[in-house]
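**Student:** Take a look at the following structure, please.
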Amino acid sequence: MTQTTDTNDRLCVVTLLPLEDYNALMGTQLTLSPGEALAGGSLTRYLSDHVSLFGEISYALAQTGIDLPQPFIEPDVVDSLLLVVPGMDDLGAVQAERLTLGDGSLPTHITAEYAFDTGLDEAAQSALAKALAGALGAQGLSVGIACRADSRADYLSSCASFLFLGAMLSAAFLCAAVLSMYYKQITEGFEDQANYDIMRRVGLSRAMIRQSVNSQLLTVFFLPLLASGLHTAFAFPMIGKLLIAFGLTNTRLLALTTLASFALFAALYTAVYVITSRTYYRIVAGAENG
C-alpha cells in the first residue's frame with residue numbers, strides 16, 4: 001500500500017510493505033512483534049520512536065534506516081518512507097483522508113499495489129497484462145497494470161534515445177571545440193611567426209623557441225581542461241539527482257563513468273595538443289627548424 005501525501009510546499013510518498021515480502025526481497029530473516037515496524041527512507045529524519053497512520057494505527061519503530069529493496073528506492077527529489085509492518089490486516093478497512101506522521105497531519109491519497117512473478121516469457125507477459133487490463137477495465141475498475149517485459153522495453157527505448165542524443169551532441173561539441181582551438185592556434189602561429197623570427201635572429205635557440213611554444217600552448221590548452229574538471233566535480237551531485245529521477249541510483253557506477261568519460265576526453269584533448277603544438281612550432285620556428 002502506498003500513500004502519497006502533500007501540503008502546499010511538500011510532497012512525500014509513504015509505502016507499507018509486509019515483513020514477509022521484505023524478507024523475501026532482501027534475503028533477511030527479521031522478525032517483528034505486533035505493533036512494531038521497521039522504517040527506511042528520507043522521511044525517517046522526521047520520526048522519533050513511533051509512527052501513527054491516519055490517527056488510527058500506531059507502530060513502535062523497532063529499527064530505522066533499514067536498507068531499501070530496489071523497487072522501493074524512490075528518487076530523492078521527493079521525501080519517501082518505507083514502513084515494514086507485521087501484516088496488512090489492520091490496514092484493510094482504513095479509508096482516512098489524512099496521514100499522521102509524528103506530530104504532523106497531511107492530506108493523503110491511498111493506492112494499493114500487488115506484484116507477482118508469472119514465470120512467463122516476455123511475449124506472454126505482455127499478452128497477460130493486456131488481457132488483465134481489458135478484463136478489469138470492463139468491470140469499471142480503476143487500475144494500472146504493468147509487466148516487466150513492457151516496462152523493460154520502454155526503459156531501454158528511453159535509454160537508447162538518450163544515449164544516441166548524448167553521443168551525437170558530445171561528438172559535435174568535441175569536434176567544434178577541437179577545430180576552433182586548432183585553427184585558432186594555427187592563425188596565431190602565423191601572426192607570431194615574425195616575432196619568433198626576430199628572436200631567432202638575435203640568437204634564440206631552437207630549444208628555447210620550443211620551450212616558449214610549449215609554455216604558451218600548455219596554458220591555452222590545459223587551463224580549460226582543468227576548469228572543465230572542476231565544473232564536473234561541482235555539478236556531480238546535481239547530475240546524480242537528475243539521474244535518480246530516471247531510476248539510476250548507483251552512485252559508484254556514475255562516479256566511475258564520469259571519471260572514465262573525463263579521462264577519455266583528456267586523452268583526446270592531449271592528442272590535439274600534441275598535433276597543434278607541432279604544427280604551431282613548425283610555423284613559428286620556420287620550416288628549416290621543424
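By order of appearance in the C-alpha cells: chains A, B, ..., then residues from 1 within every chain, and ligands from 1 in the order shown.
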Which neighbours of Asp150 (chain A) fall inside 10 Å, counting only C-alpha atoms, when residues of the same chain fewer than 2 positions from it are skipped, and could you give them as a ChimeraX atom specification?
**Tutor:** /A:122-123,125-126,129,146-148,152-156
**Student:** Do a neighbour search on Pro34 (chain A) at 9 Å with only C-alpha atoms, toss out local chain neighbours closer than 3 positions, and write the hits as a PyMOL selection string.
**Tutor:** chain A and resi 37+59+85-87
**Student:** Now that the selection is made, can you save its residues with all heavy atoms as a compact mmCIF listing (two decimals), in the first residue's frame?
**Tutor:**
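Result written to out.txt:
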```
# COMPACT_ATOMS: atom_id res chain seq x y z
N ALA A 37 7.28 -1.88 13.78
CA ALA A 37 7.55 -1.65 12.36
C ALA A 37 9.00 -1.27 12.17
O ALA A 37 9.68 -0.83 13.10
CB ALA A 37 6.64 -0.54 11.81
N TYR A 59 2.50 2.42 15.29
CA TYR A 59 3.56 1.41 15.31
C TYR A 59 4.76 1.96 16.08
O TYR A 59 5.15 3.12 15.90
CB TYR A 59 4.03 1.07 13.89
CG TYR A 59 3.02 0.30 13.07
CD1 TYR A 59 2.27 0.95 12.10
CD2 TYR A 59 2.84 -1.06 13.25
CE1 TYR A 59 1.35 0.26 11.33
CE2 TYR A 59 1.92 -1.77 12.48
CZ TYR A 59 1.18 -1.10 11.52
OH TYR A 59 0.27 -1.78 10.77
N VAL A 85 5.82 -3.60 8.04
CA VAL A 85 4.88 -3.90 9.14
C VAL A 85 4.65 -5.40 9.20
O VAL A 85 4.89 -6.12 8.23
CB VAL A 85 3.54 -3.15 8.91
CG1 VAL A 85 3.77 -1.64 8.96
CG2 VAL A 85 2.92 -3.54 7.58
N PRO A 86 4.20 -5.91 10.37
CA PRO A 86 4.00 -7.35 10.50
C PRO A 86 3.01 -7.91 9.48
O PRO A 86 3.17 -9.02 8.97
CB PRO A 86 3.47 -7.50 11.93
CG PRO A 86 3.97 -6.29 12.65
CD PRO A 86 3.96 -5.20 11.64
N GLY A 87 1.95 -7.18 9.17
CA GLY A 87 0.96 -7.63 8.21
C GLY A 87 0.07 -6.47 7.81
O GLY A 87 0.16 -5.36 8.35
```
**Student:** Check region 92-267 of chain A with DSSP on the backbone and list each residue it calls strand (DSSP E or B), as number ranges by chain.
**Tutor:** A: 98-101, 104-111
**Student:** Please produce an output containing C-alpha atoms for each residue in the selection, written as a short mmCIF file (atom, residue, chain, number, x, y, z; two decimals), in the first residue's frame.
**Tutor:**
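out26.cif, freshly written:
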```cif
data_model
loop_
_atom_site.label_atom_id
_atom_site.label_comp_id
_atom_site.auth_asym_id
_atom_site.auth_seq_id
_atom_site.Cartn_x
_atom_site.Cartn_y
_atom_site.Cartn_z
CA ARG A 98 -5.20 12.28 6.31
CA LEU A 99 -1.92 10.68 7.32
CA THR A 100 -0.36 11.47 10.69
CA LEU A 101 3.42 11.41 10.92
CA GLY A 104 2.02 16.50 11.82
CA SER A 105 -1.03 15.65 9.74
CA LEU A 106 -1.05 15.63 5.93
CA PRO A 107 -3.74 15.04 3.30
CA THR A 108 -3.28 11.69 1.58
CA HIS A 109 -4.16 9.65 -1.47
CA ILE A 110 -4.16 5.87 -0.94
CA THR A 111 -3.31 3.30 -3.60
#
```
**Student:** I'd like to know which of A:Phe190, A:Arg201, A:Ile275, A:Leu254 is closest to Leu217 (chain A), using only C-alpha atoms.
**Tutor:**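 Ranking A:Phe190, A:Arg201, A:Ile275, A:Leu254 by distance to Leu217 (chain A), first place goes to A:Ile275.
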**Student:** A:Ser277, A:Thr249, A:Thr44, A:Ser80: which is nearest Gly65 (chain A), counting only C-alpha atoms?
**Tutor:**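 Closest candidate: A:Thr44.
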